[in-house]
Amino acid sequence: MTHDTTAARRLLLVVADGVRPDVLAEEMDAGRAPTLAALRARGSAHTVTTSFPSVTGPAYVPFLMGQHPARVGLPGLRWYDRSRTLRWAPGQSRSYAGIDIWHVDGDVAAHVPTLLEYAQPSLAAMSMIGRGATHGRIGRGVGWMLRAAPAHFRGDLQGWRRVERQATAAFLSRFRTVRPRMAVLAILSADKFAHKHGARSAVVRTAIADVDAAVAQALAIASRDGWRESLHVWVTGDHGHDEVTNHEDLHGWLQGEGLRVRAHPQLRVSNPDVVLMVGGNAMAHLYFAPGERERRWWHAHAATWNRLLDRLVERPAIDLLAVNRDAHTVQVRHAAHGAAEVRRHDGPQGSRWSYVCNDGDPLGLGGTLRDLDADAAWHATQASAYPDALVQLSWLGASSRSGDVIVSAASGWDLRARFEPVPHVSTHGALLREQMLVPLIVDCATTRVPQRTADIVPSALDLLAIRAHAEFDGRSFLR
Ligand SMILES: [Zn+2]
C-alpha cells in the first residue's frame with residue numbers, strides 16, 4: 001500500500017540574513033553549526049544568486065514571492081515614488097531602513113501571493129515580508145520595534161541580538177502550538193555584526209550559531225510532539241557581504257555639481273533636480289526630472305544629463321551605471337570596459353535576454369550573447385563578476401518605481417559617507433559577485449541544481465503539494 005504523506009508536509013524557511021555562503025560552509029565544516037551540517041548531510045548545500053539590489057527587504061521577495069522584487073513593486077531599500085501612489089511618504093520617498101519597514105507588505109503587489117498565503121497555517125518572525133501569516137508576524141509589532149529601536153540607533157549590537165533572541169523564543173513557542181505548514185524565521189544579527197566587524201568576524205560566527213540553535217530547537221519541538229517526519233527545514237540568505245574601505249559621498253558629489261538633491265535624511269529639499277535613493281549601501285537609484293509624475297525613458301533626459309553620467313562613471317567609487325532606455329532595454333556603462341545593452345524580449349515562451357556589445361563589454365561576458373532563456377542567462381553569467389546580471393538588470397530597469405539610472409558601487413566602496421548610525425566595514429547592495437551570492441541548504445533530494453533564491457517558492461510549493469497558477473521568475477529544483 002502506498003501512503004502519500006505530502007499533504008502533511010511542513011516547511012520552515014530560515015533566513016540567515018547577510019551570511020556569506022563560504023562563511024556558513026566554514027562553520028558547518030568546523031563543527032560549529034552541527035544542526036545545519038546535518039540538514040546538509042540529509043540533502044545538499046548550494047551557492048545561489050540573490051536579486052539586485054542585493055539588500056534586505058527587496059531581496060526577501062524572491063524566496064517569499066518567487067519574483068524579482070522590482071516586478072512586485074520593491075525596486076530598492078530606498079526608492080522614490082514618482083507617480084505619487086503612496087498615501088504616506090515623506091518627500092515621496094520610501095526607506096525601509098527606518099519605520100517605513102511597516103509599509104513593506106502594503107507596497108508589494110497585492111495580487112502576487114506570498115508563501116505565507118499559499119500555505120497555511122503560517123507564521124513569520126523578523127521577516128521583512130510577512131503578509132498573509134495567519135498566526136502572527138513576530139518581531140514586527142510596535143512592542144518589538146520599541147524594544148529593538150534603542151539598541152539599533154545606539155549601534156548596540158549585543159542589545160539588538162538579545163531582542164532578536166527573545167523574538168526567536170517567541171517564534172518557537174508559537175511554532176510549537178501552531179505547527180505551521182509554512183513558517184519563516186529570519187535572523188538578522190549576522191548582517192548587523194558584519195557591517196560593523198566584517199563578514200568573517202568572530203561575532204558573525206556567533207550569530208550563525210544562533211541560527212543553528214534556533215533550527216535545533218525547532219527540530220526538537222517537532223520531534224518531541226511527534227511531527228518531526230513532516231517537517232522540512234531550508235536555510236537561505238538574502239545577500240552577501242564584502243569589505244568596504246572607502247565611502248563615496250554621492251549626495252555631496254551631486255550637490256557639488258550644482259544640483260538640488262533630495263536624499264535621506266534631507267527629504268525637505270523642494271524642487272530637486274535629482275532624487276538620490278541609496279540602498280545597500282553599495283547601490284543607488286537616480287531619478288531625474290523628479291517633478292514629473294510619469295516616467296519618461298532615457299531619451300528624454302539624455303541631452304541634459306549625459307555629461308553628468310560621463311563624470312560620474314569615471315569616479316573610482318562607481319563600477320557600473322545602468323541607464324534605463326525603455327521597458328525592455330538597459331544600457332550598461334563601465335569607465336574602462338565600455339558600454340553594452342541588455343535587451344529583453346517577452347514572448348509566448350517566456351522572456352529571453354540578449355547582451356549586445358556595441359561599444360564594449362562592461363559585464364565581462366566575452367562578447368554579444370543572443371536570445372538566452374532564464375536558465376541560459378544564469379549560466380552565461382554565473383561564473384562572472386556579475387552573477388545573473390542580465391536578468392537582474394533587466395527586471396530592475398523595467399520597474400516604474402526604479403530610477404532613470406541605477407548605480408552599482410565598485411568593490412571596496414559604498415555610496416553613503418554620511419548619516420549611518422554604525423560605521424560600515426562591510427557592505428552589500430551592488431551587483432558584484434561577493435554581494436550577490438547567498439547560501440541555500442535544502443534537507444531533501446533535489447532534481448536539479450538550484451540557481452536563484454526565486455527558485456525557492458516554486459520548489460516549496462512542490463514540496464508542500466500546492467498547485468499555483470502563477471508565473472515565477474524561479475524554477476522548482478524538486479521537479
Ligand atoms: Zn545589511
# chains A, B, ... in the order shown; residues from 1 in each chain; ligands from 1
>>> closest_atom_pairs(of="stretch 418-448 of chain A", to="stretch 144-157 of chain A", cutoff="12 Å", atoms="only C-alpha atoms", output="Markdown table")
| residue | atom | partner | partner_atom | distance |
| --- | --- | --- | --- | --- |
| A:Phe419 | CA | A:Phe153 | CA | 11.5 |
| A:Glu420 | CA | A:Phe153 | CA | 9.6 |
| A:Pro421 | CA | A:Phe153 | CA | 6.3 |
| A:Val422 | CA | A:Gly155 | CA | 5.8 |
| A:Pro423 | CA | A:Gly155 | CA | 9.3 |
| A:His424 | CA | A:Gly155 | CA | 11.2 |
>>> select_by_dssp(residues="stretch 144-235 of chain A", states="helix (DSSP H, G or I)", output="PyMOL selection string")
chain A and resi 144-154+157-178+189-197+202-224+228-230
>>> residues_near_ligand(ligand="ligand 1", cutoff="8 Å", atoms="only C-alpha atoms and all ligand atoms", output="ChimeraX atom specification")
/A:17-18,55-56,191-192,194-195,241,280,427-428
>>> residues_around(residues="stretch 361-370 of chain A", least_positions_apart="2", cutoff="6 Å", atoms="only C-alpha atoms", output="list in words")
His334, His337, Gly338, Ala339, Ser354, Tyr355, Val356, Cys357 and Leu372 of chain A
>>> closest_residue(among="A:Leu309, A:Ala282, A:Leu393, A:Ala218", to="A:Ala327", atoms="only C-alpha atoms")
A:Leu393
